[in-house]
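Structure first, commentary second.
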Amino acid sequence: MMKIRLLDNLLKGRLLSSRLIMLIDLFVSTFASLSTIVLMRFFFNVNPSSLIWLSGSLVFSVIAFYLFHTYRIVIRHSSLREVGTLAFAVLLKALLLFLLLFIGSTNGHLIIKLILAVIFLDFTLTLFYLLAVRVLMVYAYSLVRNNYIVRTRSNPVLIYGTDEKSLALAMRFKNSGNYEVLGLLDFGVRNKDLTLSGYRVYKFSDKEDFKKLAATHTLSAVLFATTEKARLEANRLLLYLSEFKIKALIAPPLDEVGGSVNSRIQSVREINIEDLLGRPEIKISMDEIIAGFKDKVVMVTGGAGSIGSELCRQLATFGIRRLVIYDNAETPVHNIRLELEERFPNLDFVPVIGDVRIPSRLDFAFRTYRPQIVFHAAAYKHVPLMEENPCEAVLVNVVGTRNVADKCIEYDVEKMVMVSTDKAVNPTNVMGCTKRLAEIYVQSLGLSIEQGIQKGTTKFVTTRFGNVLGSNGSVIPRFREQIAKGGPVTVTHPDITRFFMTIPEACRLVMEAATMTCGNQIFVFDMGESVKIDHLARRMIDLAGLVPGRDIEIAYTGLRPGEKLYEEVLSSTENTMPTNHDRIRIAKVREYDYSDAVKAVEELERLSRDVRIVEMVKYMKAVVPEYKSNNSEFERLDK
């Protein structure tokens, strides 16, 4: 038990207490003074009183070490500053010894010179011995740690890359009890003599080369400093790691985990498909965004959903005065409440259970909390489900949006930001059309205010983007579950493609668009290159260390109702106008008269509440003539 406790303390850096360090330093200092006496007698035939000399050395060492707190210095982290502190303490001891000998001397000027020589020798030997003992302690610590503790309790890892970020990551993990950094890993021809900042650089040129390296060092993981580095090795090193059952890990940036080194070490996670599908980081002017929301009361409808909850997480860091979440899903609201209260204890946070279809409940929230900015993310989004339940899609996505927009006008909200979708572009399904109808109402209302037809001061902003990686009910969590169960992984069509964006990235762009607008615009985001879903499924199987078609089957189930084979490109130069941000453009859309939009929403509400499905969908197609159903029972209404 004593040995185990000792090793635990060593691993955590608590092996030597300050009292023990003080005793060791006193012993070393007194021994240095004894060495000084021996040398003076042997070389200079000077015989100072041993009792006075050693007693003075001990007493003055206690005084000096206590005054300079040298016993509190963490030896293994000592720097030049700590060495300087130690030198000043030893100098004080030497000066006090000089005064002691000077007061007791009677032999004049010669004796004073000898005393100075003695003091200089005592100072030199004491400082040398103290530093030597510390160097030996650091060496012993590293030796024991590397040869016992690391082998029994840590995971040997290599840091990928040899740039500054990789080196910085290696330094942060240097004294981690969970990971032992063996060195740096890079692709290329082996070079046994190459080291950087004390870390050996290991090279691999092919799979067999890496296999030998991993076996020799019983490697448990490779740690990447950034997702960009992981993407560079997506078709080489990551495949090797999957095959050899070695973990591929990534350490999130400090600003994502609270800024502390310990939190970064604890937040290390395995690389997932979202990391590999992402693009280089989009540059966002966060200072301007924060300035636009600071000290504001902000409401997020659908605040417990995938997009809404991430908006809340980011808004919580902007110094807003109050955050109001409005959502009708009890358990998700409870979960996001617990998360925000734990992460942001000083945030004024108000969860409201409510439905955007109920104007009186919305009125209560607006009247009570008086939001200045509203993010409207409440919506039904699943295409096949809404194709089967079109009346509910209209009531939530169209009528609910009208209710929120009208309350924004009534209570003088400064800005309403509506979260829309790429499926509103030339819609082929009910869900996409309802989002386009919501856009029409919001934009026409904003324009009527701008033209002085309608009273109000609210600015309306609409943002469109495609699928978000890892959102509730999206394809990636579904594939992950199917792989965990042993397959098959179901893909609707071998050629189906989609545009993807990470949830944090989408939310940052939403807030960027909200701060750059003067109102009544529909912003569309550059979604990058489309991704083939079949390729996505195979890649996820590879990352799980399995072989597609052998370990996990891929089954093609056919397009679902209302589903497109290819999504529309949102930000082509033909259908958009540029903004100051190269990833955000303004959509060119047909403008609607507000009175016509009001009549359309009222008629759709009447038909949906009466559940007159065919008449309702037919009316939707009349209002949005570009809505052409695909793989749906409503295709007959287009003929």
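Within each chain, counting starts at residue 1; across the structure tokens, chains are named A, B, ... in the order shown, with ligands numbered 1 upward in that order.
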
- request: Extract, using only C-alpha atoms, all DNA, RNA and protein residues at most 8 Å from Leu169 (chain A), discarding same-chain residues fewer than 4 positions from it, and format them as JSON, numbers by chain.
  value: {"A": [159, 165, 173, 225]}

Nearby residues (only C-alpha atoms) at most 12 Å from Leu219 (chain A), same-chain spacing under 6 positions excluded, as an MDAnalysis selection string: chainID A and resid 151 154:159 179:183 185 210:213 241 244:248

Could the residues in this selection be saved with N, CA, C and O atoms as an mmCIF file, in the first residue's frame?
```cif
data_model
loop_
_atom_site.group_PDB
_atom_site.id
_atom_site.type_symbol
_atom_site.label_atom_id
_atom_site.label_comp_id
_atom_site.auth_asym_id
_atom_site.auth_seq_id
_atom_site.Cartn_x
_atom_site.Cartn_y
_atom_site.Cartn_z
ATOM 1 N N ARG A 151 4.624 2.920 -17.897
ATOM 2 C CA ARG A 151 4.377 1.597 -18.475
ATOM 3 C C ARG A 151 3.170 0.922 -17.859
ATOM 4 O O ARG A 151 2.538 0.081 -18.478
ATOM 5 N N SER A 154 -0.065 4.691 -17.998
ATOM 6 C CA SER A 154 -0.309 5.661 -19.061
ATOM 7 C C SER A 154 -0.471 4.982 -20.410
ATOM 8 O O SER A 154 -0.093 3.829 -20.589
ATOM 9 N N ASN A 155 -0.998 5.747 -21.357
ATOM 10 C CA ASN A 155 -1.166 5.253 -22.717
ATOM 11 C C ASN A 155 -0.086 5.861 -23.594
ATOM 12 O O ASN A 155 -0.055 7.076 -23.777
ATOM 13 N N PRO A 156 0.806 5.041 -24.161
ATOM 14 C CA PRO A 156 1.857 5.585 -25.038
ATOM 15 C C PRO A 156 1.236 6.153 -26.315
ATOM 16 O O PRO A 156 0.489 5.454 -27.016
ATOM 17 N N VAL A 157 1.519 7.417 -26.623
ATOM 18 C CA VAL A 157 0.964 8.058 -27.810
ATOM 19 C C VAL A 157 2.061 8.769 -28.576
ATOM 20 O O VAL A 157 3.101 9.129 -28.023
ATOM 21 N N LEU A 158 1.822 8.948 -29.865
ATOM 22 C CA LEU A 158 2.657 9.791 -30.709
ATOM 23 C C LEU A 158 1.829 10.990 -31.146
ATOM 24 O O LEU A 158 0.633 10.858 -31.434
ATOM 25 N N ILE A 159 2.443 12.149 -31.182
ATOM 26 C CA ILE A 159 1.783 13.362 -31.669
ATOM 27 C C ILE A 159 2.074 13.483 -33.164
ATOM 28 O O ILE A 159 3.232 13.452 -33.577
ATOM 29 N N TYR A 179 -1.618 10.080 -20.579
ATOM 30 C CA TYR A 179 -0.940 9.848 -21.852
ATOM 31 C C TYR A 179 0.557 10.096 -21.688
ATOM 32 O O TYR A 179 0.964 11.066 -21.057
ATOM 33 N N GLU A 180 1.350 9.214 -22.287
ATOM 34 C CA GLU A 180 2.794 9.400 -22.314
ATOM 35 C C GLU A 180 3.217 9.676 -23.755
ATOM 36 O O GLU A 180 3.052 8.819 -24.642
ATOM 37 N N VAL A 181 3.731 10.854 -23.993
ATOM 38 C CA VAL A 181 4.142 11.230 -25.340
ATOM 39 C C VAL A 181 5.501 10.606 -25.635
ATOM 40 O O VAL A 181 6.518 10.984 -25.044
ATOM 41 N N LEU A 182 5.512 9.646 -26.560
ATOM 42 C CA LEU A 182 6.758 8.979 -26.940
ATOM 43 C C LEU A 182 7.582 9.832 -27.897
ATOM 44 O O LEU A 182 8.800 9.702 -27.952
ATOM 45 N N GLY A 183 6.911 10.664 -28.665
ATOM 46 C CA GLY A 183 7.603 11.485 -29.645
ATOM 47 C C GLY A 183 6.640 12.025 -30.673
ATOM 48 O O GLY A 183 5.421 12.026 -30.472
ATOM 49 N N LEU A 185 5.281 12.089 -34.808
ATOM 50 C CA LEU A 185 5.113 11.179 -35.941
ATOM 51 C C LEU A 185 4.911 11.981 -37.212
ATOM 52 O O LEU A 185 4.140 12.944 -37.233
ATOM 53 N N PHE A 210 4.713 1.558 -40.636
ATOM 54 C CA PHE A 210 3.988 2.013 -39.457
ATOM 55 C C PHE A 210 3.651 0.853 -38.535
ATOM 56 O O PHE A 210 3.684 0.993 -37.308
ATOM 57 N N LYS A 211 3.343 -0.302 -39.097
ATOM 58 C CA LYS A 211 3.010 -1.471 -38.285
ATOM 59 C C LYS A 211 4.176 -1.853 -37.374
ATOM 60 O O LYS A 211 3.991 -2.150 -36.186
ATOM 61 N N LYS A 212 5.402 -1.841 -37.922
ATOM 62 C CA LYS A 212 6.588 -2.166 -37.117
ATOM 63 C C LYS A 212 6.788 -1.126 -36.012
ATOM 64 O O LYS A 212 7.106 -1.468 -34.866
ATOM 65 N N LEU A 213 6.593 0.141 -36.364
ATOM 66 C CA LEU A 213 6.754 1.217 -35.393
ATOM 67 C C LEU A 213 5.758 1.071 -34.254
ATOM 68 O O LEU A 213 6.112 1.190 -33.068
ATOM 69 N N LEU A 241 -4.504 3.118 -38.674
ATOM 70 C CA LEU A 241 -4.901 3.084 -37.269
ATOM 71 C C LEU A 241 -6.138 2.219 -37.069
ATOM 72 O O LEU A 241 -6.225 1.439 -36.107
ATOM 73 N N PHE A 244 -5.155 -1.527 -37.408
ATOM 74 C CA PHE A 244 -4.347 -2.073 -36.314
ATOM 75 C C PHE A 244 -4.962 -1.818 -34.945
ATOM 76 O O PHE A 244 -4.303 -2.042 -33.919
ATOM 77 N N LYS A 245 -6.206 -1.342 -34.916
ATOM 78 C CA LYS A 245 -6.927 -1.104 -33.666
ATOM 79 C C LYS A 245 -6.192 -0.115 -32.756
ATOM 80 O O LYS A 245 -6.133 -0.274 -31.535
ATOM 81 N N ILE A 246 -5.615 0.909 -33.339
ATOM 82 C CA ILE A 246 -4.954 1.981 -32.589
ATOM 83 C C ILE A 246 -5.844 3.214 -32.672
ATOM 84 O O ILE A 246 -6.341 3.561 -33.742
ATOM 85 N N LYS A 247 -6.045 3.873 -31.566
ATOM 86 C CA LYS A 247 -6.963 5.012 -31.532
ATOM 87 C C LYS A 247 -6.395 6.223 -32.266
ATOM 88 O O LYS A 247 -5.194 6.494 -32.189
ATOM 89 N N ALA A 248 -7.275 6.941 -32.956
ATOM 90 C CA ALA A 248 -6.940 8.233 -33.562
ATOM 91 C C ALA A 248 -7.625 9.294 -32.717
ATOM 92 O O ALA A 248 -8.853 9.386 -32.685
#
```

query: Near Trp53 (chain A), counting only C-alpha atoms, which residues have an atom at most 12 Å away, once you skip same-chain residues fewer than 6 positions from it, shown as an MDAnalysis selection string?
result: chainID A and resid 29:38 47 59:61 93:94 96:101 104 115 118:119 122

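When CA of Gly432 (chain A) is paired with CA of Ala378 (chain A), their separation reads 14.5 Å.
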
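Computed from the coordinates, the CA of Ser285 (chain A) to CA of Glu310 (chain A) distance equals 18.0 Å.
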